[in-house]
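Pasted below: model_29.cif, mmCIF, C-alpha atoms and all ligand atoms.
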data_structure
#
loop_
_atom_site.group_PDB
_atom_site.id
_atom_site.type_symbol
_atom_site.label_atom_id
_atom_site.label_comp_id
_atom_site.auth_asym_id
_atom_site.auth_seq_id
_atom_site.Cartn_x
_atom_site.Cartn_y
_atom_site.Cartn_z
ATOM 1 C CA MET Y 1 -3.438 -50.015 -37.635
ATOM 2 C CA GLU Y 2 -3.402 -50.234 -33.873
ATOM 3 C CA TYR Y 3 0.090 -48.794 -33.988
ATOM 4 C CA ILE Y 4 -1.050 -45.757 -35.969
ATOM 5 C CA GLN Y 5 -3.998 -45.215 -33.670
ATOM 6 C CA GLU Y 6 -1.779 -45.352 -30.616
ATOM 7 C CA TYR Y 7 0.557 -42.769 -32.071
ATOM 8 C CA SER Y 8 -2.331 -40.557 -33.134
ATOM 9 C CA GLU Y 9 -3.497 -40.600 -29.556
ATOM 10 C CA LEU Y 10 0.037 -39.930 -28.341
ATOM 11 C CA LYS Y 11 0.389 -36.960 -30.666
ATOM 12 C CA PHE Y 12 -3.019 -35.564 -29.736
ATOM 13 C CA GLN Y 13 -2.102 -35.685 -26.066
ATOM 14 C CA GLY Y 14 1.325 -34.183 -26.802
ATOM 15 C CA ILE Y 15 -0.243 -31.215 -28.552
ATOM 16 C CA LYS Y 16 -2.584 -30.735 -25.617
ATOM 17 C CA ILE Y 17 0.398 -30.587 -23.259
ATOM 18 C CA ASN Y 18 1.960 -27.990 -25.540
ATOM 19 C CA TYR Y 19 -1.216 -25.900 -25.589
ATOM 20 C CA LEU Y 20 -1.584 -26.085 -21.835
ATOM 21 C CA TYR Y 21 1.592 -24.019 -21.679
ATOM 22 C CA VAL Y 22 0.672 -21.771 -24.598
ATOM 23 C CA CYS Y 23 -2.962 -20.929 -23.800
ATOM 24 C CA LYS Y 24 -5.563 -22.844 -21.807
ATOM 25 C CA ARG Y 25 -8.359 -21.626 -24.047
ATOM 26 C CA LYS Y 26 -6.517 -22.959 -27.067
ATOM 27 C CA LEU Y 27 -6.164 -26.283 -25.277
ATOM 28 C CA TRP Y 28 -9.892 -26.448 -24.606
ATOM 29 C CA LEU Y 29 -10.832 -25.582 -28.210
ATOM 30 C CA PHE Y 30 -8.366 -28.074 -29.630
ATOM 31 C CA SER Y 31 -9.534 -30.825 -27.288
ATOM 32 C CA LYS Y 32 -13.058 -30.375 -28.676
ATOM 33 C CA ASN Y 33 -11.708 -30.824 -32.189
ATOM 34 C CA ILE Y 34 -12.410 -27.200 -33.016
ATOM 35 C CA THR Y 35 -9.356 -26.690 -35.150
ATOM 36 C CA PHE Y 36 -8.397 -24.235 -37.849
ATOM 37 C CA GLU Y 37 -4.730 -25.134 -37.776
ATOM 38 C CA ASN Y 38 -4.875 -26.801 -41.195
ATOM 39 C CA TRP Y 39 -5.224 -23.455 -42.829
ATOM 40 C CA SER Y 40 -2.582 -21.486 -41.046
ATOM 41 C CA ASP Y 41 0.623 -20.397 -42.735
ATOM 42 C CA ARG Y 42 2.548 -21.422 -39.670
ATOM 43 C CA VAL Y 43 1.657 -25.043 -40.255
ATOM 44 C CA LEU Y 44 2.722 -24.855 -43.856
ATOM 45 C CA LEU Y 45 5.972 -23.248 -42.797
ATOM 46 C CA GLY Y 46 6.569 -26.081 -40.331
ATOM 47 C CA LYS Y 47 6.043 -28.674 -43.047
ATOM 48 C CA ILE Y 48 8.352 -26.928 -45.454
ATOM 49 C CA LEU Y 49 11.050 -26.481 -42.823
ATOM 50 C CA HIS Y 50 10.870 -30.113 -41.951
ATOM 51 C CA GLU Y 51 11.050 -31.367 -45.492
ATOM 52 C CA TYR Y 52 13.911 -29.124 -46.561
ATOM 53 C CA SER Y 53 15.983 -29.125 -43.412
ATOM 54 C CA TYR Y 54 16.454 -32.852 -43.089
ATOM 55 C CA PRO Y 55 16.194 -34.312 -46.578
ATOM 56 C CA LYS Y 56 18.882 -36.933 -46.128
ATOM 57 C CA GLU Y 57 18.567 -37.853 -42.502
ATOM 58 C CA GLU Y 58 17.350 -41.352 -42.029
ATOM 59 C CA THR Y 59 14.243 -41.234 -39.935
ATOM 60 C CA LYS Y 60 11.280 -43.376 -39.338
ATOM 61 C CA GLU Y 61 8.348 -41.076 -39.220
ATOM 62 C CA VAL Y 62 5.876 -42.586 -36.880
ATOM 63 C CA LEU Y 63 3.393 -39.835 -37.167
ATOM 64 C CA ILE Y 64 2.440 -37.294 -39.745
ATOM 65 C CA ASP Y 65 0.253 -34.399 -38.917
ATOM 66 C CA ASN Y 66 -0.453 -30.971 -40.275
ATOM 67 C CA LEU Y 67 0.829 -29.399 -37.122
ATOM 68 C CA ILE Y 68 3.485 -31.488 -35.494
ATOM 69 C CA ARG Y 69 5.579 -34.440 -36.470
ATOM 70 C CA ILE Y 70 7.249 -36.973 -34.269
ATOM 71 C CA ASP Y 71 10.246 -38.741 -35.675
ATOM 72 C CA ILE Y 72 12.176 -41.558 -34.238
ATOM 73 C CA LEU Y 73 15.700 -40.904 -35.435
ATOM 74 C CA SER Y 74 18.054 -43.660 -36.441
ATOM 75 C CA ASP Y 75 19.742 -43.358 -33.028
ATOM 76 C CA GLY Y 76 16.399 -43.841 -31.300
ATOM 77 C CA ALA Y 77 15.811 -40.302 -30.061
ATOM 78 C CA VAL Y 78 12.400 -38.700 -30.270
ATOM 79 C CA ARG Y 79 12.480 -35.553 -32.305
ATOM 80 C CA GLU Y 80 10.259 -32.536 -32.674
ATOM 81 C CA VAL Y 81 10.819 -29.846 -35.256
ATOM 82 C CA LYS Y 82 9.637 -26.365 -34.354
ATOM 83 C CA HIS Y 83 9.717 -23.195 -36.372
ATOM 84 C CA SER Y 84 10.705 -20.985 -33.466
ATOM 85 C CA SER Y 85 11.796 -21.254 -29.869
ATOM 86 C CA LYS Y 86 9.331 -18.626 -28.642
ATOM 87 C CA MET Y 87 7.313 -21.233 -26.766
ATOM 88 C CA LYS Y 88 10.278 -23.187 -25.516
ATOM 89 C CA GLU Y 89 8.784 -24.463 -22.265
ATOM 90 C CA ALA Y 90 5.681 -25.692 -24.109
ATOM 91 C CA ASP Y 91 7.890 -27.501 -26.639
ATOM 92 C CA ILE Y 92 10.024 -29.031 -23.900
ATOM 93 C CA MET Y 93 6.957 -30.250 -22.024
ATOM 94 C CA GLN Y 94 5.557 -31.808 -25.167
ATOM 95 C CA VAL Y 95 8.736 -33.812 -25.737
ATOM 96 C CA MET Y 96 8.967 -34.678 -22.035
ATOM 97 C CA TYR Y 97 5.493 -36.114 -22.332
ATOM 98 C CA TYR Y 98 6.574 -38.365 -25.198
ATOM 99 C CA LEU Y 99 9.576 -39.506 -23.163
ATOM 100 C CA TYR Y 100 7.341 -40.110 -20.156
ATOM 101 C CA TYR Y 101 4.914 -42.082 -22.285
ATOM 102 C CA LEU Y 102 7.701 -44.240 -23.694
ATOM 103 C CA LYS Y 103 9.127 -44.777 -20.223
ATOM 104 C CA GLN Y 104 5.781 -46.232 -19.110
ATOM 105 C CA LYS Y 105 6.332 -48.783 -21.843
ATOM 106 C CA GLY Y 106 9.819 -49.559 -20.574
ATOM 107 C CA ILE Y 107 11.549 -47.567 -23.318
ATOM 108 C CA GLN Y 108 14.135 -44.955 -22.315
ATOM 109 C CA LYS Y 109 14.848 -42.343 -24.975
ATOM 110 C CA GLN Y 110 16.366 -38.944 -25.357
ATOM 111 C CA GLY Y 111 14.390 -36.120 -26.882
ATOM 112 C CA ILE Y 112 15.580 -33.596 -29.436
ATOM 113 C CA ILE Y 113 13.924 -30.365 -30.433
ATOM 114 C CA ASN Y 114 15.244 -28.954 -33.694
ATOM 115 C CA TYR Y 115 14.828 -25.279 -34.467
ATOM 116 C CA PRO Y 116 16.080 -25.279 -38.084
ATOM 117 C CA LYS Y 117 15.446 -21.569 -38.648
ATOM 118 C CA GLU Y 118 17.656 -20.786 -35.657
ATOM 119 C CA ARG Y 119 20.094 -23.563 -36.563
ATOM 120 C CA ARG Y 120 20.076 -25.093 -33.157
ATOM 121 C CA LYS Y 121 18.731 -27.981 -31.173
ATOM 122 C CA GLU Y 122 17.855 -28.908 -27.600
ATOM 123 C CA VAL Y 123 18.733 -32.351 -26.313
ATOM 124 C CA LEU Y 124 16.446 -33.485 -23.515
ATOM 125 C CA ASP Y 125 16.434 -36.211 -20.899
ATOM 126 C CA LEU Y 126 13.412 -36.973 -18.780
ATOM 127 C CA THR Y 127 14.324 -35.890 -15.235
ATOM 128 C CA PRO Y 128 12.268 -36.800 -12.137
ATOM 129 C CA GLU Y 129 11.246 -33.099 -11.917
ATOM 130 C CA TYR Y 130 9.926 -33.112 -15.468
ATOM 131 C CA GLU Y 131 8.223 -36.429 -14.892
ATOM 132 C CA GLU Y 132 6.354 -34.836 -12.004
ATOM 133 C CA LYS Y 133 5.511 -31.817 -14.162
ATOM 134 C CA VAL Y 134 4.141 -34.072 -16.886
ATOM 135 C CA LYS Y 135 1.906 -35.858 -14.362
ATOM 136 C CA GLN Y 136 0.618 -32.514 -13.075
ATOM 137 C CA ALA Y 137 0.071 -31.276 -16.615
ATOM 138 C CA LEU Y 138 -2.001 -34.354 -17.486
ATOM 139 C CA LYS Y 139 -4.194 -33.737 -14.426
ATOM 140 C CA GLU Y 140 -4.632 -30.093 -15.312
ATOM 141 C CA ILE Y 141 -5.536 -30.948 -18.902
ATOM 142 C CA GLU Y 142 -8.222 -33.285 -17.652
ATOM 143 C CA GLU Y 143 -9.700 -30.603 -15.423
ATOM 144 C CA ILE Y 144 -9.695 -27.939 -18.140
ATOM 145 C CA THR Y 145 -11.088 -30.120 -20.900
ATOM 146 C CA LYS Y 146 -13.869 -31.441 -18.637
ATOM 147 C CA LYS Y 147 -15.309 -27.957 -18.327
ATOM 148 C CA PRO Y 148 -18.417 -27.251 -20.425
ATOM 149 C CA VAL Y 149 -17.150 -23.871 -21.645
ATOM 150 C CA PRO Y 150 -13.663 -22.710 -22.654
ATOM 151 C CA PRO Y 151 -11.589 -20.472 -20.413
ATOM 152 C CA PRO Y 152 -12.028 -16.806 -21.386
ATOM 153 C CA ALA Y 153 -9.807 -15.330 -24.093
ATOM 154 C CA THR Y 154 -6.917 -13.323 -22.735
ATOM 155 C CA LYS Y 155 -4.904 -11.071 -25.015
ATOM 156 C CA GLN Y 156 -1.332 -12.208 -25.325
ATOM 157 C CA ARG Y 157 1.495 -11.870 -27.784
ATOM 158 C CA ILE Y 158 0.894 -15.220 -29.452
ATOM 159 C CA CYS Y 159 -2.756 -14.418 -30.262
ATOM 160 C CA LYS Y 160 -1.751 -12.751 -33.522
ATOM 161 C CA SER Y 161 -0.221 -15.943 -34.875
ATOM 162 C CA CYS Y 162 -2.795 -18.266 -33.306
ATOM 163 C CA ALA Y 163 -5.144 -20.157 -35.593
ATOM 164 C CA TYR Y 164 -8.024 -19.275 -33.257
ATOM 165 C CA PHE Y 165 -7.449 -15.536 -33.527
ATOM 166 C CA GLU Y 166 -10.579 -14.835 -35.559
ATOM 167 C CA PHE Y 167 -12.577 -17.112 -33.340
ATOM 168 C CA CYS Y 168 -11.467 -15.327 -30.158
ATOM 169 C CA TRP Y 169 -11.177 -11.756 -31.358
ATOM 170 C CA GLY Y 170 -12.941 -11.501 -34.718
HETATM 171 S S1 LIG Y 201 -6.257 -16.292 -29.973
HETATM 172 FE FE1 LIG Y 201 -5.194 -15.965 -28.025
HETATM 173 S S2 LIG Y 201 -6.767 -16.333 -26.468
HETATM 174 FE FE2 LIG Y 201 -7.507 -17.216 -28.373
HETATM 175 S S3 LIG Y 201 -6.909 -19.359 -28.286
HETATM 176 FE FE3 LIG Y 201 -5.320 -18.264 -29.398
HETATM 177 S S4 LIG Y 201 -3.810 -17.716 -27.877
HETATM 178 FE FE4 LIG Y 201 -5.673 -18.260 -26.778
#

Could you express the structure from this file as structure tokens?
Amino acid sequence: MEYIQEYSELKFQGIKINYLYVCKRKLWLFSKNITFENWSDRVLLGKILHEYSYPKEETKEVLIDNLIRIDILSDGAVREVKHSSKMKEADIMQVMYYLYYLKQKGIQKQGIINYPKERRKEVLDLTPEYEEKVKQALKEIEEITKKPVPPPATKQRICKSCAYFEFCWG
């Protein structure tokens, strides 16, 4: 039980890191548990991609979520599956955070981001530069989520596919 809770917390923080790089307003809304992600087609697509792309691979799924999954592969790498590489830096930072977190526990792992639709993958190692970036990101997340109101909505390309679209622009 404790194990599941710890990983839920880990995943929650990982998503926040991702959103910090996608949209700070999205990060704030998500951190307050204002979430519509369950209903978005994108989430469903992610689930389907995951289930059909790796049916035989032996994995130990340590976390299941409607949005993002974290797998520990048989070789010990931490894996994320994403439906597109449009937000690559956000995805990389999310995985770097997991690697950073594991490192604090004395566990050194590689990270893998699979983009099954694009038939490619990124293999990641936690570098000192990324470690520093993760620390900065965690500080920034704290500052943003402490604020009583969300940052203003700013129109950007990803808004159209964002689960908060109606909320921000409806
Ligand atoms: S709709 Fe746009 S501004 Fe609103 S949370 Fe999503 S990405 Fe941010």

Could you state which residues are captured by the PyMOL selection byres (((not hetatm)) within 9 of (chain Y and resi 201)) in this file, as a PyMOL selection string?
chain Y and resi 19+22-30+151-169

What separates atom CA of Val78 of chain Y and atom CA of Lys109 of chain Y is a distance of 6.9 Å

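The smallest atom-to-atom distance between Leu102 of chain Y and any of Y:Glu140, Y:Ala90, Y:Glu131, Y:Ser84, using all atoms listed in the file, is found for Y:Glu131.
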
Under the PyMOL selection byres (((chain Y and resi 110) around 10) and not hetatm), which residues of this model are included? Write them out as an MDAnalysis selection string.
chainID Y and resid 75:79 95:96 98:99 108:109 111:112 123:126

Report as a PyMOL selection string the full result of the PyMOL selection byres (((chain Y and resi 142) around 12) and not hetatm) when it is applied to this structure.
chain Y and resi 13+16-17+20+24+27-28+31+135-141+143-147

Expressed in Å to a single decimal, how great is the separation between atom CA of Tyr97 of chain Y and atom CA of Ile34 of chain Y?
22.7 Å

For atom CA of Val134 of chain Y and atom CA of Met93 of chain Y, quote the distance in Å rounded to one decimal.
7.0 Å
